[in-house]
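Containing compact mmCIF, C-alpha atoms: query.txt.
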```
# COMPACT_ATOMS: atom_id res chain seq x y z
CA MET A 27 0.00 0.00 0.00
CA ALA A 28 1.32 3.42 -0.96
CA THR A 29 2.17 6.02 1.62
CA THR A 30 -0.88 8.21 2.14
CA GLY A 31 -1.11 11.68 3.52
CA VAL A 32 -1.35 15.27 2.46
CA ALA A 33 2.03 15.29 0.73
CA ALA A 34 1.23 12.18 -1.31
CA ALA A 35 -2.19 13.57 -2.19
CA ALA A 36 -0.56 16.73 -3.49
CA GLY A 37 1.51 14.58 -5.82
CA GLU A 38 4.81 15.43 -4.15
CA ARG A 39 7.36 12.79 -3.38
CA VAL A 40 7.63 13.93 0.22
CA GLU A 41 7.21 11.38 3.03
CA ALA A 42 4.26 12.21 5.28
CA ALA A 43 5.44 12.97 8.79
CA VAL A 44 5.25 9.96 11.11
CA PRO A 45 3.37 10.92 14.26
CA GLN A 46 4.99 10.64 17.66
CA VAL A 47 4.28 7.12 18.89
CA ASP A 48 3.26 6.26 22.46
CA SER A 49 3.09 2.48 22.01
CA THR A 50 3.94 -0.09 19.36
CA VAL A 51 2.33 -3.47 18.81
CA ASP A 52 4.01 -5.98 16.55
CA CYS A 53 1.55 -8.19 14.62
CA ARG A 54 3.98 -9.24 11.90
CA GLY A 55 3.15 -12.78 10.79
CA LYS A 56 -0.26 -12.75 12.43
CA LEU A 57 -3.46 -13.20 10.45
CA CYS A 58 -7.05 -12.18 11.22
CA PRO A 59 -8.19 -11.76 13.99
CA GLY A 60 -4.68 -11.12 15.43
CA PRO A 61 -4.00 -7.51 14.36
CA LEU A 62 -7.38 -6.13 15.43
CA ILE A 63 -7.42 -7.97 18.74
CA ASP A 64 -3.87 -6.82 19.48
CA ALA A 65 -4.81 -3.25 18.50
CA HIS A 66 -7.84 -3.40 20.78
CA MET A 67 -5.81 -4.74 23.72
CA ALA A 68 -3.10 -2.10 23.19
CA MET A 69 -5.67 0.72 23.00
CA ARG A 70 -6.94 -0.30 26.44
CA THR A 71 -3.56 0.61 27.92
CA LEU A 72 -3.37 4.04 26.22
CA GLN A 73 -4.82 7.40 27.23
CA PRO A 74 -7.18 9.26 24.86
CA GLY A 75 -5.15 11.15 22.25
CA GLN A 76 -2.14 8.83 22.48
CA VAL A 77 -0.87 7.20 19.30
CA LEU A 78 -0.53 3.48 18.63
CA GLU A 79 1.80 2.11 15.97
CA LEU A 80 0.63 -1.23 14.57
CA LEU A 81 3.02 -3.34 12.49
CA ALA A 82 1.30 -5.92 10.30
CA THR A 83 2.06 -8.16 7.34
CA ASP A 84 -1.49 -9.53 6.92
CA PRO A 85 -2.74 -8.16 3.55
CA GLY A 86 -6.27 -8.21 5.01
CA ALA A 87 -5.21 -5.63 7.57
CA GLU A 88 -5.12 -3.00 4.82
CA ARG A 89 -8.92 -3.00 4.87
CA ASP A 90 -9.48 -4.33 8.38
CA VAL A 91 -7.58 -1.54 10.14
CA PRO A 92 -9.54 1.29 8.44
CA ALA A 93 -12.76 -0.59 9.38
CA PHE A 94 -11.49 -0.87 12.95
CA SER A 95 -10.84 2.88 12.91
CA ARG A 96 -14.34 3.69 11.60
CA ASN A 97 -16.02 1.40 14.11
CA THR A 98 -14.09 2.43 17.19
CA GLY A 99 -13.49 6.12 16.44
CA HIS A 100 -9.72 5.71 16.91
CA GLU A 101 -8.42 7.92 14.10
CA LEU A 102 -6.16 6.32 11.48
CA LEU A 103 -3.55 9.06 11.11
CA LEU A 104 -1.22 7.41 8.64
CA THR A 105 -0.66 4.16 6.76
CA LYS A 106 2.92 3.59 5.71
CA SER A 107 4.30 0.69 3.76
CA ASP A 108 7.81 -0.44 4.67
CA GLY A 109 8.74 -3.41 2.50
CA PRO A 110 6.48 -6.34 3.40
CA VAL A 111 5.40 -4.59 6.60
CA THR A 112 2.62 -2.03 6.74
CA LYS A 113 2.63 0.42 9.64
CA TYR A 114 -0.62 1.89 10.87
CA TYR A 115 -0.77 4.90 13.17
CA LEU A 116 -3.96 5.18 15.21
CA ARG A 117 -4.86 7.93 17.66
CA LYS A 118 -6.96 6.76 20.57
CA LYS A 119 -10.42 8.29 20.59
CA GLY A 120 -10.54 11.32 22.87
CA MET B 18 -12.31 47.61 -7.92
CA ALA B 19 -13.25 49.52 -11.09
CA THR B 20 -15.53 51.83 -9.08
CA THR B 21 -12.76 52.54 -6.60
CA ALA B 22 -10.30 53.37 -9.35
CA SER B 23 -12.86 55.63 -11.05
CA GLU B 24 -13.55 57.43 -7.74
CA VAL B 25 -9.85 58.04 -7.28
CA LYS B 26 -9.69 59.44 -10.79
CA GLN B 27 -12.65 61.81 -10.20
CA ALA B 28 -11.25 63.06 -6.90
CA ALA B 29 -7.99 63.87 -8.58
CA GLY B 30 -9.74 65.64 -11.45
CA VAL B 31 -8.22 65.18 -14.85
CA ILE B 32 -5.05 63.15 -14.47
CA ASP B 33 -2.27 61.80 -16.56
CA PRO B 34 -3.39 58.48 -18.20
CA ALA B 35 -0.11 56.86 -17.20
CA LEU B 36 -0.64 57.85 -13.55
CA GLU B 37 -4.24 56.59 -13.69
CA GLN B 38 -3.04 53.25 -15.00
CA ARG B 39 -0.46 53.05 -12.23
CA ILE B 40 -3.04 53.88 -9.53
CA THR B 41 -5.48 51.30 -10.91
CA ALA B 42 -2.78 48.64 -10.91
CA LEU B 43 -1.80 49.49 -7.32
CA ILE B 44 -5.39 49.33 -6.06
CA GLU B 45 -6.02 46.03 -7.84
CA ALA B 46 -2.85 44.53 -6.41
CA ARG B 47 -3.75 45.68 -2.87
CA VAL B 48 -7.29 44.30 -3.15
CA ALA B 49 -6.06 40.99 -4.58
CA THR B 50 -3.58 40.57 -1.69
CA GLU B 51 -6.26 41.32 0.89
CA VAL B 52 -8.81 38.95 -0.69
CA GLU B 53 -6.22 36.18 -0.87
CA LYS B 54 -5.30 36.68 2.80
CA ARG B 55 -8.93 36.59 3.97
CA VAL B 56 -9.73 33.51 1.88
CA ALA B 57 -6.67 31.73 3.30
CA GLU B 58 -7.74 32.61 6.86
CA ARG B 59 -11.30 31.42 6.25
CA VAL B 60 -10.15 28.15 4.68
CA ALA B 61 -7.71 27.52 7.54
CA ALA B 62 -10.56 28.00 10.01
CA LEU B 63 -13.11 25.95 8.06
CA VAL B 64 -11.04 22.91 7.06
CA PRO B 65 -10.42 21.51 10.57
CA GLN B 66 -14.07 22.20 11.44
CA ARG B 67 -15.36 20.41 8.33
CA LEU B 68 -12.94 17.49 8.83
CA SER B 69 -14.02 17.09 12.43
CA GLU B 70 -17.69 17.14 11.36
CA GLY B 71 -16.90 14.50 8.74
CA VAL B 72 -15.19 12.24 11.26
CA GLN B 73 -18.09 12.61 13.68
CA SER B 74 -20.58 11.77 10.97
CA ILE B 75 -18.61 8.64 10.03
CA GLN B 76 -18.46 7.62 13.68
CA LYS B 77 -22.20 8.14 13.96
CA GLN B 78 -22.70 5.85 10.98
CA ALA B 79 -20.52 3.22 12.65
CA ALA B 80 -22.72 3.30 15.72
CA ASN B 81 -26.47 3.24 15.36
CA GLY B 82 -28.66 6.30 15.05
CA ASP B 83 -29.43 6.16 18.77
CA GLY B 84 -25.71 6.11 19.61
CA ARG B 85 -25.56 2.54 20.94
CA PRO B 86 -22.82 0.26 19.66
CA ARG B 87 -23.41 -2.18 16.84
CA ARG B 88 -24.57 -5.63 17.90
CA LEU B 89 -23.66 -9.10 16.58
CA ALA B 90 -25.62 -12.27 17.36
CA ILE B 91 -24.17 -15.65 16.36
CA VAL B 92 -25.52 -19.17 16.62
CA ALA B 93 -22.68 -21.73 16.86
CA SER B 94 -24.28 -25.07 16.01
CA LYS B 95 -21.35 -27.24 14.97
CA GLY B 96 -18.73 -28.91 17.10
CA SER B 97 -15.88 -29.70 14.73
CA LEU B 98 -12.59 -27.87 15.03
CA ASP B 99 -12.96 -26.14 11.67
CA MET B 100 -16.46 -24.93 12.50
CA ALA B 101 -15.47 -23.66 15.93
CA TYR B 102 -13.18 -21.03 14.44
CA PRO B 103 -15.53 -18.83 12.34
CA PRO B 104 -17.91 -17.84 15.15
CA LEU B 105 -15.04 -17.11 17.55
CA ILE B 106 -12.98 -15.14 15.00
CA LEU B 107 -16.01 -13.05 14.01
CA ALA B 108 -17.03 -12.53 17.64
CA THR B 109 -13.61 -11.44 18.87
CA THR B 110 -13.10 -9.15 15.87
CA ALA B 111 -16.47 -7.49 16.41
CA ALA B 112 -15.71 -7.07 20.12
CA ALA B 113 -12.35 -5.51 19.22
CA MET B 114 -14.24 -3.02 17.04
CA GLY B 115 -16.42 -2.03 19.97
CA TRP B 116 -19.51 -4.10 19.11
CA GLU B 117 -21.72 -5.94 21.58
CA VAL B 118 -21.55 -9.66 20.85
CA ALA B 119 -23.34 -12.80 21.99
CA ILE B 120 -22.77 -16.37 20.79
CA PHE B 121 -25.48 -18.95 21.37
CA PHE B 122 -23.85 -22.39 21.57
CA THR B 123 -26.38 -25.03 20.62
CA PHE B 124 -26.40 -28.71 19.62
CA TYR B 125 -22.90 -29.88 18.67
CA GLY B 126 -21.73 -26.28 18.95
CA LEU B 127 -22.09 -26.65 22.72
CA ASP B 128 -18.87 -28.72 22.68
CA ILE B 129 -16.96 -25.49 21.99
CA ILE B 130 -17.70 -24.27 25.52
CA ASN B 131 -17.66 -27.72 27.12
CA ARG B 132 -14.49 -27.71 29.22
CA ARG B 133 -13.97 -31.47 28.80
CA LYS B 134 -14.54 -31.47 25.04
CA LEU B 135 -13.11 -28.20 23.78
CA PRO B 136 -9.46 -29.33 23.91
CA HIS B 137 -10.40 -32.34 21.76
CA LEU B 138 -12.46 -30.77 18.96
CA LYS B 139 -11.72 -32.64 15.75
CA VAL B 140 -11.76 -32.26 12.02
CA ALA B 141 -14.03 -34.70 10.15
CA PRO B 142 -12.18 -35.92 7.04
CA VAL B 143 -15.07 -38.11 5.84
CA GLY B 144 -17.35 -36.56 3.26
CA ASN B 145 -15.24 -33.42 3.21
CA PRO B 146 -13.81 -33.05 -0.31
CA ALA B 147 -12.35 -29.69 0.68
CA MET B 148 -9.79 -31.37 2.99
CA PRO B 149 -6.45 -29.97 1.88
CA GLU B 150 -3.53 -32.05 0.66
CA PRO B 151 -1.64 -33.60 3.59
CA ILE B 152 1.69 -32.41 2.20
CA LYS B 153 1.79 -28.77 1.14
CA GLY B 154 2.82 -28.35 -2.48
CA VAL B 155 2.12 -31.98 -3.36
CA PRO B 156 -1.19 -32.12 -5.24
CA PHE B 157 -2.35 -35.39 -3.70
CA LYS B 158 -5.55 -35.55 -1.70
CA VAL B 159 -6.46 -38.45 0.58
CA PRO B 160 -9.67 -40.06 -0.80
CA THR B 161 -12.49 -39.28 1.59
CA LEU B 162 -13.21 -43.02 2.08
CA ILE B 163 -9.73 -43.38 3.62
CA GLY B 164 -10.89 -40.78 6.12
CA ALA B 165 -13.21 -43.44 7.55
CA LEU B 166 -10.25 -45.53 8.74
CA PRO B 167 -9.50 -45.50 12.49
CA PHE B 168 -7.55 -42.47 13.73
CA MET B 169 -7.80 -40.61 10.41
CA SER B 170 -9.77 -37.87 12.13
CA ASP B 171 -6.95 -37.55 14.70
CA VAL B 172 -4.39 -37.33 11.91
CA ALA B 173 -6.39 -34.65 10.07
CA THR B 174 -6.92 -32.75 13.33
CA ALA B 175 -3.23 -32.82 14.24
CA MET B 176 -2.42 -31.62 10.75
CA MET B 177 -4.85 -28.75 10.91
CA LYS B 178 -3.76 -27.69 14.40
CA GLN B 179 -0.18 -27.59 13.19
CA TRP B 180 -1.14 -25.36 10.27
CA PHE B 181 -3.11 -23.02 12.52
CA ALA B 182 -0.17 -22.79 14.92
CA ALA B 183 2.27 -22.12 12.07
CA ALA B 184 0.01 -19.30 10.85
CA GLN B 185 -0.07 -17.90 14.41
CA ILE B 186 -3.85 -18.38 14.62
CA PRO B 187 -4.88 -18.61 18.28
CA SER B 188 -6.19 -21.91 19.61
CA ILE B 189 -9.90 -22.31 20.41
CA GLN B 190 -9.10 -21.95 24.12
CA GLU B 191 -7.16 -18.74 23.45
CA LEU B 192 -9.99 -17.31 21.33
CA LEU B 193 -12.48 -18.14 24.08
CA ASP B 194 -10.25 -16.33 26.59
CA VAL B 195 -10.07 -13.26 24.32
CA ALA B 196 -13.85 -13.43 23.78
CA GLN B 197 -14.53 -13.42 27.52
CA ASP B 198 -11.91 -10.74 28.11
CA THR B 199 -13.52 -8.46 25.52
CA GLY B 200 -17.02 -8.91 26.90
CA VAL B 201 -18.48 -11.40 24.41
CA GLU B 202 -21.49 -13.08 26.01
CA LEU B 203 -21.22 -16.87 25.72
CA ILE B 204 -24.64 -18.47 26.03
CA SER B 205 -25.02 -22.17 26.69
CA CYS B 206 -28.22 -23.61 25.21
CA THR B 207 -30.09 -25.22 28.10
CA THR B 208 -32.15 -27.41 25.78
CA THR B 209 -29.00 -28.95 24.34
CA MET B 210 -27.64 -29.47 27.86
CA GLY B 211 -30.81 -31.35 28.78
CA VAL B 212 -30.85 -33.47 25.61
CA MET B 213 -27.15 -34.33 25.70
CA GLY B 214 -26.85 -34.70 29.46
CA VAL B 215 -24.39 -31.83 29.84
CA ARG B 216 -24.12 -30.47 33.39
CA ASP B 217 -23.40 -26.91 34.52
CA GLU B 218 -19.94 -27.92 35.70
CA ASP B 219 -19.09 -29.14 32.17
CA ILE B 220 -19.48 -25.62 30.77
CA ILE B 221 -16.60 -23.14 31.02
CA ALA B 222 -16.81 -20.53 33.79
CA GLY B 223 -18.39 -17.21 32.89
CA ALA B 224 -20.88 -18.58 30.36
CA ASN B 225 -24.56 -17.77 30.72
CA TYR B 226 -27.44 -20.24 30.41
CA ALA B 227 -30.50 -19.57 28.32
CA GLY B 228 -32.86 -20.93 25.71
CA ALA B 229 -33.97 -19.75 22.28
CA GLY B 230 -36.24 -17.09 23.77
CA HIS B 231 -33.40 -15.08 25.28
CA PHE B 232 -31.24 -15.46 22.21
CA LEU B 233 -34.03 -14.36 19.85
CA ASP B 234 -34.76 -11.38 22.06
CA TYR B 235 -31.08 -10.40 21.84
CA ALA B 236 -30.88 -11.13 18.10
CA ALA B 237 -34.01 -9.08 17.39
CA SER B 238 -32.05 -5.91 18.10
CA ALA B 239 -28.81 -7.13 16.47
CA ASP B 240 -27.36 -5.41 13.43
CA VAL B 241 -25.77 -8.65 12.22
CA ALA B 242 -27.09 -12.16 12.99
CA LEU B 243 -25.27 -15.25 11.79
CA PHE B 244 -25.92 -19.00 11.93
CA VAL B 245 -22.75 -21.07 11.83
```
Just give me the structure as structure tokens.
Amino acid sequence: MATTGVAAAAGERVEAAVPQVDSTVDCRGKLCPGPLIDAHMAMRTLQPGQVLELLATDPGAERDVPAFSRNTGHELLLTKSDGPVTKYYLRKKG
Amino acid sequence: MATTASEVKQAAGVIDPALEQRITALIEARVATEVEKRVAERVAALVPQRLSEGVQSIQKQAANGDGRPRRLAIVASKGSLDMAYPPLILATTAAAMGWEVAIFFTFYGLDIINRRKLPHLKVAPVGNPAMPEPIKGVPFKVPTLIGALPFMSDVATAMMKQWFAAAQIPSIQELLDVAQDTGVELISCTTTMGVMGVRDEDIIAGANYAGAGHFLDYAASADVALFV
């Protein structure tokens, strides 16, 4: 998945700024329902407004994580592809 | 702008055409700068407001109109290892997304929350043409009649458990733990318990007991209802 963000949308080859991360959860190698359950468990430990970084290799996560964001209200700030790993940055609902 | 330039010209009386042109250009430039500045300010103020409204509207769509979370009702009616996974994966995923979830375990599905039986759920290789090849990459399938031989179900089960473990899929016990931890209501069908002679102490701790009436009442207000 391509890097998304304002810079990419404007057609510039500038990397979107990675938000400051408060916690990281590593779901590399895990399939559904692993990434969403891990994201849910990690969100429980965060304060509203804090940012979770989710590392996943499951191709399904590319659509599951945005659905998770829509359903929970935790904002998906940035999706960044790094080789086979996709990094998702979610801000806990305030 | 034209009016302003004309007023300036009138106030000054008859003026040099070159000077008039210069004044007009200056006024137009000043006005353009001011308009641009105000538009930029307005846009900067409006964009975050509109975005925030958009996010709220999406969140409202995710929940129901009355603001309550979405609700999932599942009937788990089968007790084989492969059929124990779908209801638990769907339930835990929904719970992770903030939904209310209840699973009604009935008939063979009751084995999934039977503490004596759940560690021994098996795959049925007989009459299951979808059984995968025993050796990955080798396109040879075991004929389903062979599946009727003694211990073939154990072999198929061991095989499948190994694949699940290799793919880092949680075990049934682990999924049940996550389900209970995330507030999924596990309902043991009391009719099935009576028919099959299952006692309260056979059912895992934390499960509730009810019949079809309670489940239907719950499912009537569910957004998604599934029979597995």
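Residues with any atom within 12 Å of B:Asp194, counting all atoms listed in the file and excluding same-chain neighbours fewer than 5 positions away, are Ile63 of chain A; Leu105, Ile106, Ala108, Thr109, Ile130, Pro187, Ser188, Ile189, Thr199, Gly200, Val201, Glu202, Leu203, Ile221, Ala222, Gly223 and Ala224 of chain B.
Interatomic distance, atom CA of A:Leu81 to atom CA of A:Pro61: 8.4 Å.
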Could you give me, as a ChimeraX atom specification, the residues within 8 Å of B:Asp240, counting only C-alpha atoms and dropping anything in the same chain fewer than 3 positions from it?
/B:87-89
Pick out the residues sitting within 8 Å of A:Pro45, and hand them over as a list in words; count all atoms listed in the file, and ignore anything fewer than 6 positions along from it in its own chain.
Val77, Leu103 and Tyr115 of chain A
Which residues come within 8 Å of A:Thr83, counting all atoms listed in the file, excluding same-chain residues fewer than 5 positions away, as number ranges by chain?
A: 53-56, 110-112
Select, from A:Thr50, A:Thr71, A:Thr98, A:Thr105, the residue with the minimum atom-to-atom distance to chain B, counting all atoms listed in the file.
A:Thr98
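Ranking A:Asp52, A:Leu80, A:Gln73, A:Lys119 by their shortest atom-to-atom distance to A:Gly99, with only C-alpha atoms included, puts A:Lys119 first.
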Could you work out how far atom CA of B:Phe181 lies from atom CA of B:Gly144, giving the answer in Å with one decimal?
21.7 Å
Name all residues at most 12 Å from A:Pro59 (count only C-alpha atoms; drop same-chain ones fewer than 6 positions away) and give them as a PyMOL selection string.
(chain A and resi 53+65-66+82+84+86-87+90-91+94) or (chain B and resi 102-114+184-188+191-192+195-196)
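What separates atom CA of B:Ile152 from atom CA of B:Ala175 is a distance of 13.0 Å.
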